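Peer 1: Take a look at protein-v2.txt, compact mmCIF, C-alpha atoms:
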# COMPACT_ATOMS: atom_id res chain seq x y z
CA MET A 1 5.84 9.09 -8.24
CA ASP A 2 5.58 11.73 -10.95
CA ASN A 3 3.63 14.99 -10.75
CA ILE A 4 3.69 15.27 -6.98
CA THR A 5 3.89 18.77 -5.50
CA ASN A 6 6.10 19.76 -2.58
CA GLU A 7 2.98 20.26 -0.51
CA GLN A 8 1.70 16.77 -1.32
CA ALA A 9 5.11 15.27 -0.58
CA ALA A 10 5.21 17.00 2.80
CA GLU A 11 1.69 15.82 3.64
CA LEU A 12 2.55 12.24 2.71
CA THR A 13 5.70 12.41 4.86
CA LEU A 14 3.65 13.59 7.84
CA PHE A 15 1.14 10.82 7.25
CA ARG A 16 3.92 8.22 7.10
CA ASP A 17 5.40 9.54 10.34
CA SER A 18 2.03 9.29 12.09
CA VAL A 19 1.46 5.77 10.75
CA ARG A 20 4.92 4.68 11.86
CA ARG A 21 4.38 6.06 15.37
CA PHE A 22 0.96 4.40 15.63
CA PHE A 23 2.27 1.00 14.58
CA ALA A 24 5.25 1.26 16.94
CA ALA A 25 3.01 2.09 19.90
CA GLU A 26 -0.22 0.24 19.16
CA VAL A 27 0.75 -2.76 17.04
CA VAL A 28 4.32 -3.96 17.59
CA PRO A 29 3.93 -4.70 21.33
CA HIS A 30 0.88 -6.89 20.65
CA ILE A 31 2.09 -8.93 17.67
CA PRO A 32 3.05 -12.09 19.63
CA ALA A 33 -0.29 -12.14 21.48
CA TRP A 34 -2.28 -11.57 18.29
CA ARG A 35 -0.42 -14.35 16.50
CA GLN A 36 -1.20 -16.64 19.39
CA ALA A 37 -4.88 -15.63 19.31
CA GLY A 38 -5.13 -16.03 15.55
CA MET A 39 -6.46 -12.52 14.98
CA VAL A 40 -5.82 -8.85 15.60
CA ALA A 41 -7.81 -7.51 18.56
CA ARG A 42 -10.93 -5.55 17.68
CA GLU A 43 -9.68 -2.73 19.90
CA ALA A 44 -6.78 -2.21 17.50
CA TRP A 45 -9.23 -1.51 14.69
CA LEU A 46 -11.01 1.06 16.85
CA ARG A 47 -7.69 2.71 17.73
CA ALA A 48 -6.69 2.75 14.06
CA GLY A 49 -10.00 4.39 13.22
CA ALA A 50 -9.52 7.02 15.90
CA ALA A 51 -6.03 7.71 14.53
CA GLY A 52 -7.40 8.31 11.03
CA LEU A 53 -5.82 5.25 9.43
CA LEU A 54 -9.01 3.55 8.25
CA CYS A 55 -10.58 4.51 4.93
CA ALA A 56 -7.66 6.88 4.40
CA SER A 57 -8.44 7.26 0.70
CA MET A 58 -12.18 7.69 1.10
CA PRO A 59 -13.77 11.18 0.80
CA ALA A 60 -14.12 13.16 4.00
CA GLU A 61 -17.88 13.46 3.43
CA PHE A 62 -18.12 9.72 4.12
CA GLY A 63 -15.86 9.87 7.17
CA GLY A 64 -12.67 9.03 5.31
CA GLY A 65 -9.30 10.70 5.27
CA GLY A 66 -9.71 12.38 1.90
CA GLY A 67 -6.47 10.87 0.59
CA ASP A 68 -5.68 8.63 -2.35
CA PHE A 69 -3.91 5.37 -3.11
CA ARG A 70 -0.57 6.83 -2.03
CA HIS A 71 -1.87 6.95 1.54
CA GLU A 72 -2.94 3.32 1.31
CA ALA A 73 0.49 2.39 -0.05
CA ILE A 74 2.12 4.02 2.97
CA LEU A 75 0.00 1.94 5.34
CA ILE A 76 0.93 -1.25 3.48
CA GLU A 77 4.62 -0.32 3.43
CA GLU A 78 4.76 0.49 7.12
CA LEU A 79 3.04 -2.78 8.03
CA ALA A 80 5.61 -4.57 5.87
CA ALA A 81 8.40 -2.68 7.64
CA ILE A 82 7.33 -4.22 10.97
CA GLY A 83 6.68 -7.58 9.32
CA PHE A 84 2.99 -7.63 10.11
CA GLY A 85 0.81 -7.69 7.02
CA ASP A 86 -1.58 -9.76 9.16
CA PHE A 87 -3.37 -6.52 10.12
CA ALA A 88 -5.65 -6.44 7.06
CA ILE A 89 -6.10 -2.69 6.88
CA SER A 90 -5.35 -2.75 3.14
CA LEU A 91 -8.22 -5.16 2.52
CA HIS A 92 -10.59 -2.97 4.52
CA ASN A 93 -9.34 0.32 3.08
CA ALA A 94 -8.12 -0.23 -0.46
CA ILE A 95 -10.17 -3.19 -1.64
CA ILE A 96 -13.58 -3.22 0.07
CA ALA A 97 -14.20 0.49 0.70
CA PRO A 98 -13.68 1.30 -3.02
CA TYR A 99 -16.49 -1.11 -3.95
CA LEU A 100 -18.84 0.94 -1.78
CA LEU A 101 -17.50 4.26 -3.04
CA HIS A 102 -17.63 3.39 -6.75
CA TYR A 103 -20.76 1.26 -6.90
CA GLY A 104 -22.74 1.89 -3.74
CA THR A 105 -25.83 4.04 -3.69
CA GLU A 106 -25.65 7.29 -1.76
CA ALA A 107 -27.52 5.64 1.10
CA GLN A 108 -25.15 2.66 1.12
CA LYS A 109 -22.08 4.89 1.25
CA ARG A 110 -23.47 6.96 4.10
CA ARG A 111 -24.62 3.86 5.95
CA TRP A 112 -21.37 1.88 5.91
CA LEU A 113 -18.30 3.97 5.06
CA PRO A 114 -18.32 6.23 8.17
CA ARG A 115 -18.57 3.19 10.44
CA MET A 116 -15.74 1.50 8.54
CA ALA A 117 -13.64 4.65 8.92
CA GLN A 118 -14.20 4.64 12.67
CA GLY A 119 -13.30 0.97 13.04
CA GLU A 120 -16.77 0.19 14.34
CA MET A 121 -17.45 -1.96 11.30
CA ILE A 122 -14.74 -4.33 10.03
CA ALA A 123 -15.24 -5.38 6.43
CA ALA A 124 -14.62 -8.53 4.41
CA ILE A 125 -15.34 -9.61 0.86
CA ALA A 126 -16.52 -13.16 0.21
CA MET A 127 -15.70 -14.40 -3.28
CA THR A 128 -13.78 -17.67 -2.96
CA GLU A 129 -15.64 -20.94 -2.47
CA PRO A 130 -14.43 -24.50 -1.91
CA ASP A 131 -14.83 -25.20 -5.65
CA ALA A 132 -14.29 -21.70 -7.07
CA GLY A 133 -11.16 -19.62 -6.59
CA SER A 134 -9.68 -17.64 -9.45
CA ASP A 135 -12.59 -18.74 -11.65
CA LEU A 136 -15.29 -16.55 -10.16
CA GLN A 137 -17.78 -17.59 -12.81
CA GLY A 138 -17.92 -20.95 -11.05
CA ILE A 139 -19.36 -19.73 -7.76
CA ARG A 140 -22.40 -21.58 -6.46
CA THR A 141 -23.64 -19.22 -3.75
CA THR A 142 -27.08 -17.94 -4.73
CA ALA A 143 -29.11 -14.86 -3.84
CA ARG A 144 -32.78 -15.42 -4.69
CA ARG A 145 -35.15 -12.48 -4.82
CA VAL A 146 -38.03 -12.99 -2.40
CA GLY A 147 -40.41 -10.12 -1.75
CA ASP A 148 -38.51 -7.04 -0.61
CA GLY A 149 -35.19 -8.80 -0.19
CA TYR A 150 -32.78 -11.55 -1.18
CA VAL A 151 -32.24 -14.96 0.37
CA ILE A 152 -28.58 -16.01 0.30
CA ASN A 153 -27.45 -19.63 0.39
CA GLY A 154 -23.91 -20.88 0.02
CA GLN A 155 -20.47 -21.35 1.49
CA LYS A 156 -17.34 -19.23 1.24
CA THR A 157 -13.79 -20.03 2.31
CA PHE A 158 -10.39 -18.37 2.83
CA ILE A 159 -12.15 -15.13 3.80
CA SER A 160 -9.77 -12.62 5.39
CA ASN A 161 -11.24 -10.72 8.36
CA GLY A 162 -13.80 -13.52 8.45
CA GLN A 163 -13.94 -13.95 12.22
CA LEU A 164 -14.20 -10.24 12.95
CA ALA A 165 -16.23 -8.99 9.97
CA ASP A 166 -19.30 -6.91 10.70
CA LEU A 167 -19.94 -6.28 7.00
CA VAL A 168 -19.38 -8.93 4.34
CA ILE A 169 -19.68 -8.17 0.63
CA VAL A 170 -20.90 -11.47 -0.82
CA ALA A 171 -20.54 -12.50 -4.45
CA ALA A 172 -23.61 -14.55 -5.33
CA LYS A 173 -25.57 -15.75 -8.34
CA THR A 174 -28.78 -13.78 -8.76
CA ARG A 175 -29.36 -15.61 -12.08
CA ALA A 176 -28.07 -19.13 -11.74
CA ASP A 177 -28.12 -19.90 -15.46
CA ALA A 178 -26.41 -16.72 -16.68
CA GLY A 179 -22.76 -17.44 -15.82
CA ALA A 180 -20.72 -14.31 -15.12
CA LYS A 181 -23.64 -12.13 -16.22
CA GLY A 182 -25.74 -13.40 -13.31
CA ILE A 183 -23.41 -12.46 -10.44
CA SER A 184 -24.32 -9.72 -7.94
CA LEU A 185 -22.65 -8.29 -4.86
CA LEU A 186 -24.74 -8.07 -1.70
CA ALA A 187 -23.81 -6.63 1.67
CA VAL A 188 -24.51 -8.74 4.74
CA GLU A 189 -24.39 -7.07 8.15
CA THR A 190 -23.41 -10.00 10.31
CA ALA A 191 -24.88 -8.77 13.60
CA GLY A 192 -28.19 -10.53 14.03
CA ALA A 193 -28.11 -12.07 10.54
CA HIS A 194 -30.17 -15.22 11.01
CA GLY A 195 -28.61 -18.14 9.12
CA PHE A 196 -25.15 -16.57 8.93
CA ARG A 197 -22.44 -18.65 10.55
CA ARG A 198 -18.68 -18.41 10.83
CA GLY A 199 -16.75 -21.63 10.51
CA ARG A 200 -13.21 -22.30 11.60
CA ASN A 201 -10.53 -19.68 11.87
CA LEU A 202 -8.31 -21.51 9.42
CA GLU A 203 -4.79 -22.42 10.47
CA LYS A 204 -2.26 -21.20 7.91
CA ILE A 205 1.49 -21.55 7.40
CA GLY A 206 1.85 -17.76 7.53
CA LYS A 207 0.00 -14.59 8.51
CA HIS A 208 -1.01 -16.25 11.76
CA ALA A 209 -2.74 -13.16 13.18
CA GLN A 210 -4.92 -12.56 10.12
CA ASP A 211 -8.22 -14.29 10.73
CA THR A 212 -9.08 -16.34 7.65
CA SER A 213 -12.37 -18.15 7.82
CA GLU A 214 -15.08 -20.27 6.34
CA LEU A 215 -18.43 -18.48 6.14
CA PHE A 216 -21.82 -20.14 5.77
CA PHE A 217 -25.08 -18.60 4.53
CA ASP A 218 -28.19 -20.65 5.18
CA ASP A 219 -31.30 -18.75 4.05
CA VAL A 220 -29.75 -15.44 5.11
CA VAL A 221 -32.26 -12.69 4.31
CA VAL A 222 -30.97 -9.25 3.37
CA PRO A 223 -33.11 -6.29 2.27
CA ALA A 224 -33.05 -5.30 -1.39
CA GLU A 225 -31.27 -2.06 -0.47
CA ASN A 226 -28.21 -4.18 0.42
CA LEU A 227 -27.69 -5.04 -3.26
CA LEU A 228 -24.54 -3.11 -4.15
CA GLY A 229 -25.45 -0.28 -6.47
CA GLY A 230 -29.13 -1.20 -6.45
CA GLU A 231 -28.99 -3.16 -9.73
CA PRO A 232 -28.71 -6.97 -9.94
CA ASP A 233 -26.30 -8.91 -12.19
CA ARG A 234 -23.60 -6.22 -12.14
CA GLY A 235 -21.28 -8.02 -9.73
CA PHE A 236 -18.84 -9.57 -12.19
CA VAL A 237 -18.22 -6.27 -13.93
CA GLN A 238 -17.74 -4.57 -10.55
CA LEU A 239 -15.25 -7.23 -9.49
CA MET A 240 -13.28 -7.03 -12.73
CA GLN A 241 -13.06 -3.24 -12.58
CA GLN A 242 -11.63 -3.29 -9.05
CA LEU A 243 -9.22 -6.20 -9.41
CA PRO A 244 -6.37 -4.10 -10.89
CA GLN A 245 -6.22 -2.03 -7.70
CA GLU A 246 -6.43 -5.17 -5.57
CA ARG A 247 -3.48 -6.61 -7.47
CA LEU A 248 -1.53 -3.40 -7.03
CA VAL A 249 -2.19 -3.60 -3.28
CA ILE A 250 -0.53 -7.02 -3.32
CA ALA A 251 2.40 -5.67 -5.33
CA VAL A 252 2.96 -2.83 -2.85
CA GLY A 253 3.18 -5.36 -0.05
CA ALA A 254 5.56 -7.53 -2.05
CA VAL A 255 7.99 -4.72 -2.82
CA ALA A 256 7.92 -3.33 0.72
CA ALA A 257 8.53 -6.80 2.19
CA MET A 258 11.48 -7.29 -0.16
CA GLU A 259 12.98 -3.98 0.83
CA ALA A 260 12.60 -4.69 4.53
CA ALA A 261 14.08 -8.18 4.19
CA VAL A 262 17.13 -6.85 2.34
CA THR A 263 17.72 -4.12 4.97
CA GLU A 264 17.44 -6.62 7.83
CA THR A 265 19.71 -9.12 6.12
CA ILE A 266 22.43 -6.58 5.37
CA ALA A 267 22.46 -5.61 9.04
CA HIS A 268 22.64 -9.27 10.09
CA ALA A 269 25.42 -10.06 7.60
CA LYS A 270 27.54 -7.19 8.88
CA THR A 271 27.27 -8.24 12.53
CA ARG A 272 27.18 -12.04 12.33
CA ARG A 273 30.66 -13.59 12.29
CA ALA A 274 31.91 -16.89 10.90
CA PHE A 275 35.47 -18.14 10.47
CA GLY A 276 36.83 -14.99 12.03
CA LYS A 277 35.08 -12.42 9.85
CA SER A 278 31.60 -11.04 9.21
CA LEU A 279 29.29 -12.82 6.80
CA PHE A 280 29.33 -9.67 4.68
CA GLU A 281 33.04 -10.12 4.03
CA PHE A 282 32.35 -13.34 2.11
CA GLN A 283 31.99 -12.70 -1.61
CA ASN A 284 28.97 -14.97 -1.94
CA THR A 285 27.07 -13.01 0.71
CA ARG A 286 27.86 -9.72 -0.97
CA PHE A 287 26.82 -11.03 -4.39
CA VAL A 288 23.53 -12.46 -3.08
CA LEU A 289 22.71 -9.17 -1.39
CA ALA A 290 23.74 -7.20 -4.47
CA GLU A 291 21.26 -9.22 -6.54
CA ALA A 292 18.54 -8.85 -3.91
CA LYS A 293 19.04 -5.10 -3.61
CA THR A 294 18.95 -4.69 -7.39
CA THR A 295 15.76 -6.71 -7.67
CA ALA A 296 14.09 -4.64 -4.96
CA GLU A 297 15.14 -1.39 -6.66
CA VAL A 298 13.83 -2.48 -10.06
CA ALA A 299 10.58 -3.67 -8.47
CA ARG A 300 10.19 -0.32 -6.70
CA ALA A 301 10.63 1.60 -9.96
CA PHE A 302 7.98 -0.51 -11.72
CA LEU A 303 5.63 -0.23 -8.75
CA GLU A 304 5.91 3.56 -8.63
CA GLU A 305 5.08 3.71 -12.35
CA CYS A 306 2.01 1.53 -11.76
CA ILE A 307 0.86 3.72 -8.86
CA THR A 308 1.24 6.81 -11.04
CA ARG A 309 -0.87 5.15 -13.73
CA LEU A 310 -3.50 4.07 -11.20
CA LEU A 311 -3.84 7.63 -9.92
CA ALA A 312 -4.16 8.85 -13.52
CA GLY A 313 -6.82 6.22 -14.27
CA THR A 314 -4.67 4.50 -16.89
CA LEU A 315 -3.59 1.31 -15.11
CA ASP A 316 -4.82 -1.50 -17.35
CA VAL A 317 -5.59 -5.10 -16.44
CA ALA A 318 -2.48 -6.56 -18.05
CA THR A 319 -0.05 -4.15 -16.39
CA ALA A 320 -1.65 -4.70 -12.98
CA ALA A 321 -1.31 -8.44 -13.58
CA MET A 322 2.37 -7.97 -14.47
CA ALA A 323 2.93 -6.04 -11.25
CA LYS A 324 1.20 -8.63 -9.10
CA TYR A 325 2.86 -11.60 -10.80
CA TRP A 326 6.43 -10.35 -11.03
CA THR A 327 6.76 -8.59 -7.69
CA THR A 328 5.36 -11.55 -5.75
CA GLU A 329 7.63 -13.99 -7.59
CA MET A 330 10.60 -11.76 -6.76
CA GLN A 331 9.40 -11.39 -3.18
CA GLY A 332 9.61 -15.15 -2.74
CA LYS A 333 13.01 -15.37 -4.43
CA VAL A 334 14.59 -12.46 -2.54
CA ILE A 335 13.29 -13.44 0.89
CA ASP A 336 14.37 -17.05 0.38
CA ALA A 337 17.89 -15.84 -0.43
CA CYS A 338 17.87 -13.57 2.61
CA LEU A 339 16.72 -16.36 4.90
CA GLN A 340 19.64 -18.50 3.70
CA ILE A 341 22.08 -15.86 4.90
CA PHE A 342 20.55 -16.06 8.37
CA GLY A 343 21.34 -19.79 8.40
CA GLY A 344 19.65 -21.78 11.15
CA TYR A 345 18.38 -18.60 12.78
CA GLY A 346 16.37 -17.89 9.67
CA TYR A 347 14.31 -21.00 10.34
CA MET A 348 13.46 -19.90 13.87
CA ALA A 349 10.02 -18.31 14.30
CA GLU A 350 11.40 -15.65 16.65
CA TYR A 351 13.25 -14.05 13.74
CA PRO A 352 11.30 -11.68 11.47
CA ILE A 353 12.79 -13.22 8.33
CA ALA A 354 11.04 -16.51 9.12
CA HIS A 355 7.66 -14.79 9.20
CA ARG A 356 8.47 -12.87 6.03
CA PHE A 357 9.28 -16.20 4.34
CA THR A 358 6.01 -17.95 5.24
CA ASP A 359 3.90 -14.82 4.79
CA ALA A 360 5.25 -14.34 1.28
CA ARG A 361 3.99 -17.64 -0.07
CA VAL A 362 0.32 -16.70 -0.26
CA GLN A 363 1.11 -13.61 -2.32
CA ARG A 364 1.44 -15.78 -5.43
CA ILE A 365 -1.99 -17.31 -4.80
CA TYR A 366 -4.56 -14.74 -3.69
CA GLY A 367 -5.85 -11.85 -5.75
CA GLY A 368 -5.84 -14.31 -8.66
CA SER A 369 -3.07 -16.89 -8.84
CA ASN A 370 0.10 -15.98 -10.73
CA GLU A 371 -0.83 -18.51 -13.39
CA ILE A 372 -4.00 -16.51 -14.01
CA MET A 373 -1.91 -13.32 -14.10
CA LYS A 374 0.20 -14.81 -16.91
CA GLU A 375 -2.95 -15.71 -18.82
CA LEU A 376 -4.25 -12.13 -18.49
CA ILE A 377 -0.91 -10.78 -19.67
CA ALA A 378 -0.87 -13.22 -22.61
CA ARG A 379 -4.34 -12.11 -23.73
CA SER A 380 -2.99 -8.57 -24.18
CA LEU A 381 -0.10 -9.60 -26.43
So, in terms of structure tokens, how does the structure I just supplied come out?

Peer 2:
Amino acid sequence: MDNITNEQAAELTLFRDSVRRFFAAEVVPHIPAWRQAGMVAREAWLRAGAAGLLCASMPAEFGGGGGDFRHEAILIEELAAIGFGDFAISLHNAIIAPYLLHYGTEAQKRRWLPRMAQGEMIAAIAMTEPDAGSDLQGIRTTARRVGDGYVINGQKTFISNGQLADLVIVAAKTRADAGAKGISLLAVETAGAHGFRRGRNLEKIGKHAQDTSELFFDDVVVPAENLLGGEPDRGFVQLMQQLPQERLVIAVGAVAAMEAAVTETIAHAKTRRAFGKSLFEFQNTRFVLAEAKTTAEVARAFLEECITRLLAGTLDVATAAMAKYWTTEMQGKVIDACLQIFGGYGYMAEYPIAHRFTDARVQRIYGGSNEIMKELIARSL
């Protein structure tokens, strides 16, 4: 990244070291149990909060770490290094917390961000519905103003952190006949929320420890002060303004997963033997890994440029879409090629490459499908 001082570089290195130590001690030993349970234990969120890993880029005055997106990128990269993007810290930190910081009232920020930073409040954002995914204008969930509050009715699906969430930012129609102009974001504190119900913890082909749920809202009443920013019908604009960073979060994970897969596969190819020599001695293996390494390096260079532009406030929608689309496509291609080198072992769930393979598939879908990314890019041409 450009324009980084020696002091900043040293601070980021220390942060990465602390993150790496935390994950080695507090996450890696529990991964099999969490995958079996279908979610990361709540205690891990509390420990992450105590270690200063939650809301790392939020201002210190709201309980955060006072960092920036580079700190969030380190967290994503180190989770990718251990093959465990299931721990949805990036969603909590780099997607949901910024909504509160940028659009929340002073009272909202002081009410929720410190508890999120401590791990006492796990956050989720509820946009997707059974009949509305990338097309957010098509959501049917409503929030009707009644007296001093709003009454929310609707259903959401594929909600990450859904089983654990204490705070859910809900996209709902406050003006049903106004299309995108009638969408608002409302915060629902799930504890004691009458009419709020969690459905199944959905079974997925990957990310088995990331709880992904259906959520139901049946006449859920929230006070008017839970309307994000205090003004109705601003939700679609808020969502659109934050989506470039969300897409960059996905790109960071894609590049880091590629890099980790290539490193692991090189090590395997140099130790695994066939026909009297290592796999790495076969020209095809070397050529596949040469291509994979090159792709990962090019992706890293583009990603670093995008991060620099995000920090400077110049990352536009089309470039963020390019980053999300291309890096996730390459993630799938590179990891597939790496798995092939592992042979039958690559298909075994005990090997990290197998989890990287299944975990990668959703990257081309969430945060706006890659087909939508191409449409956004095309509109800028």

Peer 1: In Å to one decimal, how far is CA of Ala257 (chain A) from CA of Thr285 (chain A)?

Peer 2: 19.6 Å

Peer 1: For region 322-329 of chain A, work out the shell of residues within 7 Å, counting all atoms listed in the file and skipping chain neighbours fewer than 4 positions away, then give it as an mmCIF file with C-alpha atoms, in the coordinates of the input.

Peer 2:
data_model
loop_
_atom_site.group_PDB
_atom_site.id
_atom_site.type_symbol
_atom_site.label_atom_id
_atom_site.label_comp_id
_atom_site.auth_asym_id
_atom_site.auth_seq_id
_atom_site.Cartn_x
_atom_site.Cartn_y
_atom_site.Cartn_z
ATOM 1 C CA ARG A 247 -3.480 -6.610 -7.470
ATOM 2 C CA LEU A 248 -1.530 -3.400 -7.030
ATOM 3 C CA ILE A 250 -0.530 -7.020 -3.320
ATOM 4 C CA ALA A 251 2.400 -5.670 -5.330
ATOM 5 C CA ALA A 254 5.560 -7.530 -2.050
ATOM 6 C CA VAL A 255 7.990 -4.720 -2.820
ATOM 7 C CA ALA A 299 10.580 -3.670 -8.470
ATOM 8 C CA LEU A 303 5.630 -0.230 -8.750
ATOM 9 C CA ALA A 318 -2.480 -6.560 -18.050
ATOM 10 C CA LYS A 333 13.010 -15.370 -4.430
ATOM 11 C CA GLN A 363 1.110 -13.610 -2.320
ATOM 12 C CA ARG A 364 1.440 -15.780 -5.430
ATOM 13 C CA ASN A 370 0.100 -15.980 -10.730
ATOM 14 C CA MET A 373 -1.910 -13.320 -14.100
ATOM 15 C CA ILE A 377 -0.910 -10.780 -19.670
#

Peer 1: Leaving out Gly343 (chain A) and any residue of its chain fewer than 4 positions from it, which residues lie within 12 Å of it when counting only C-alpha atoms, given as a list in words?

Peer 2: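 In the requested format, the answer is Thr265, His268, Ala269, Arg272, Arg273, Ala274, Leu279, Thr285, Asp336, Ala337, Cys338, Leu339, Tyr347, Met348, Tyr351, Ile353 and Ala354 of chain A.
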
Peer 1: Could you give me, as a list in words, the residues within 9 Å of Pro352 (chain A), counting only C-alpha atoms and dropping anything in the same chain fewer than 6 positions from it?

Peer 2: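 The contact residues come out as Ile82, Gly83, Ala261, Glu264 and Gly346 of chain A.
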
Peer 1: Just the residues within 9 Å of Leu12 (chain A), please, counting all atoms listed in the file, with nothing from its chain fewer than 5 positions along; format it as a compact mmCIF listing (two decimals) with C-alpha atoms, in the coordinates of the input.

Peer 2:
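Saved as out-v2.txt:
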# COMPACT_ATOMS: atom_id res chain seq x y z
CA GLU A 7 2.98 20.26 -0.51
CA ASP A 17 5.40 9.54 10.34
CA ARG A 70 -0.57 6.83 -2.03
CA HIS A 71 -1.87 6.95 1.54
CA ILE A 74 2.12 4.02 2.97

Peer 1: Identify, on the basis of only C-alpha atoms, every residue whose closest approach to region 147-156 of chain A does not exceed 9 Å; exclude the query and any residue fewer than 3 positions from it along the same chain; express the result as a compact mmCIF listing (two decimals) with C-alpha atoms, in the coordinates of the input.

Peer 2:
# COMPACT_ATOMS: atom_id res chain seq x y z
CA ALA A 126 -16.52 -13.16 0.21
CA MET A 127 -15.70 -14.40 -3.28
CA THR A 128 -13.78 -17.67 -2.96
CA GLU A 129 -15.64 -20.94 -2.47
CA PRO A 130 -14.43 -24.50 -1.91
CA ARG A 140 -22.40 -21.58 -6.46
CA THR A 141 -23.64 -19.22 -3.75
CA THR A 142 -27.08 -17.94 -4.73
CA ALA A 143 -29.11 -14.86 -3.84
CA ARG A 144 -32.78 -15.42 -4.69
CA ILE A 159 -12.15 -15.13 3.80
CA VAL A 170 -20.90 -11.47 -0.82
CA ALA A 172 -23.61 -14.55 -5.33
CA THR A 174 -28.78 -13.78 -8.76
CA LEU A 186 -24.74 -8.07 -1.70
CA GLY A 195 -28.61 -18.14 9.12
CA SER A 213 -12.37 -18.15 7.82
CA GLU A 214 -15.08 -20.27 6.34
CA LEU A 215 -18.43 -18.48 6.14
CA PHE A 216 -21.82 -20.14 5.77
CA PHE A 217 -25.08 -18.60 4.53
CA ASP A 218 -28.19 -20.65 5.18
CA ASP A 219 -31.30 -18.75 4.05
CA VAL A 220 -29.75 -15.44 5.11
CA VAL A 221 -32.26 -12.69 4.31
CA VAL A 222 -30.97 -9.25 3.37
CA PRO A 223 -33.11 -6.29 2.27
CA ALA A 224 -33.05 -5.30 -1.39
CA GLU A 225 -31.27 -2.06 -0.47
CA ASN A 226 -28.21 -4.18 0.42
CA LEU A 227 -27.69 -5.04 -3.26

Peer 1: Calculate how many Å separate CA of Glu11 (chain A) from CA of Met258 (chain A), rounding to one decimal.

Peer 2: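 Spanning CA of Glu11 (chain A) to CA of Met258 (chain A) is a straight-line distance of 25.4 Å.
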
Peer 1: Which is closer to Asp166 (chain A) than all the others in A:Lys277, A:Arg42, A:Arg145, A:Lys270, using only C-alpha atoms?

Peer 2: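 For Asp166 (chain A), the nearest of the candidates is A:Arg42.
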
Peer 1: Return the single residue from A:Arg286, A:Lys109, A:Lys173, A:His208 that is closest to Ala33 (chain A), with distances computed using only C-alpha atoms.

Peer 2: A:His208

Peer 1: Counting all atoms listed in the file, note down every residue that has an atom within 9 Å of the point (-6.0, -2.3, 3.6) (file coordinates), as a JSON list (two decimals) with C-alpha atoms, in the coordinates of the input.

Peer 2:
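Saved file result.json follows:
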[["chain", "number", "residue", "atom", "x", "y", "z"],
["A", 54, "LEU", "CA", -9.01, 3.55, 8.25],
["A", 55, "CYS", "CA", -10.58, 4.51, 4.93],
["A", 72, "GLU", "CA", -2.94, 3.32, 1.31],
["A", 73, "ALA", "CA", 0.49, 2.39, -0.05],
["A", 75, "LEU", "CA", 0.00, 1.94, 5.34],
["A", 76, "ILE", "CA", 0.93, -1.25, 3.48],
["A", 87, "PHE", "CA", -3.37, -6.52, 10.12],
["A", 88, "ALA", "CA", -5.65, -6.44, 7.06],
["A", 89, "ILE", "CA", -6.10, -2.69, 6.88],
["A", 90, "SER", "CA", -5.35, -2.75, 3.14],
["A", 91, "LEU", "CA", -8.22, -5.16, 2.52],
["A", 92, "HIS", "CA", -10.59, -2.97, 4.52],
["A", 93, "ASN", "CA", -9.34, 0.32, 3.08],
["A", 94, "ALA", "CA", -8.12, -0.23, -0.46],
["A", 95, "ILE", "CA", -10.17, -3.19, -1.64],
["A", 96, "ILE", "CA", -13.58, -3.22, 0.07],
["A", 249, "VAL", "CA", -2.19, -3.60, -3.28]]

Peer 1: Between A:Glu78, A:Glu259, A:Glu120, A:Glu371, which one has atoms that come closest to Arg47 (chain A), using only C-alpha atoms?

Peer 2: A:Glu120

Peer 1: Any idea what the distance is between CA of Ala132 (chain A) and CA of Ala209 (chain A)?

Peer 2: 24.8 Å

Peer 1: Report the centre and edge lengths, in Å to one decimal, of an axis-aligned box enclosing every atom of region 293-312 of chain A listed in the file, padded by 5 Å on each side, as lines of an AutoDock Vina configuration file.

Peer 2:
center_x = 7.4
center_y = 1.1
center_z = -8.7
size_x = 33.2
size_y = 25.6
size_z = 20.1
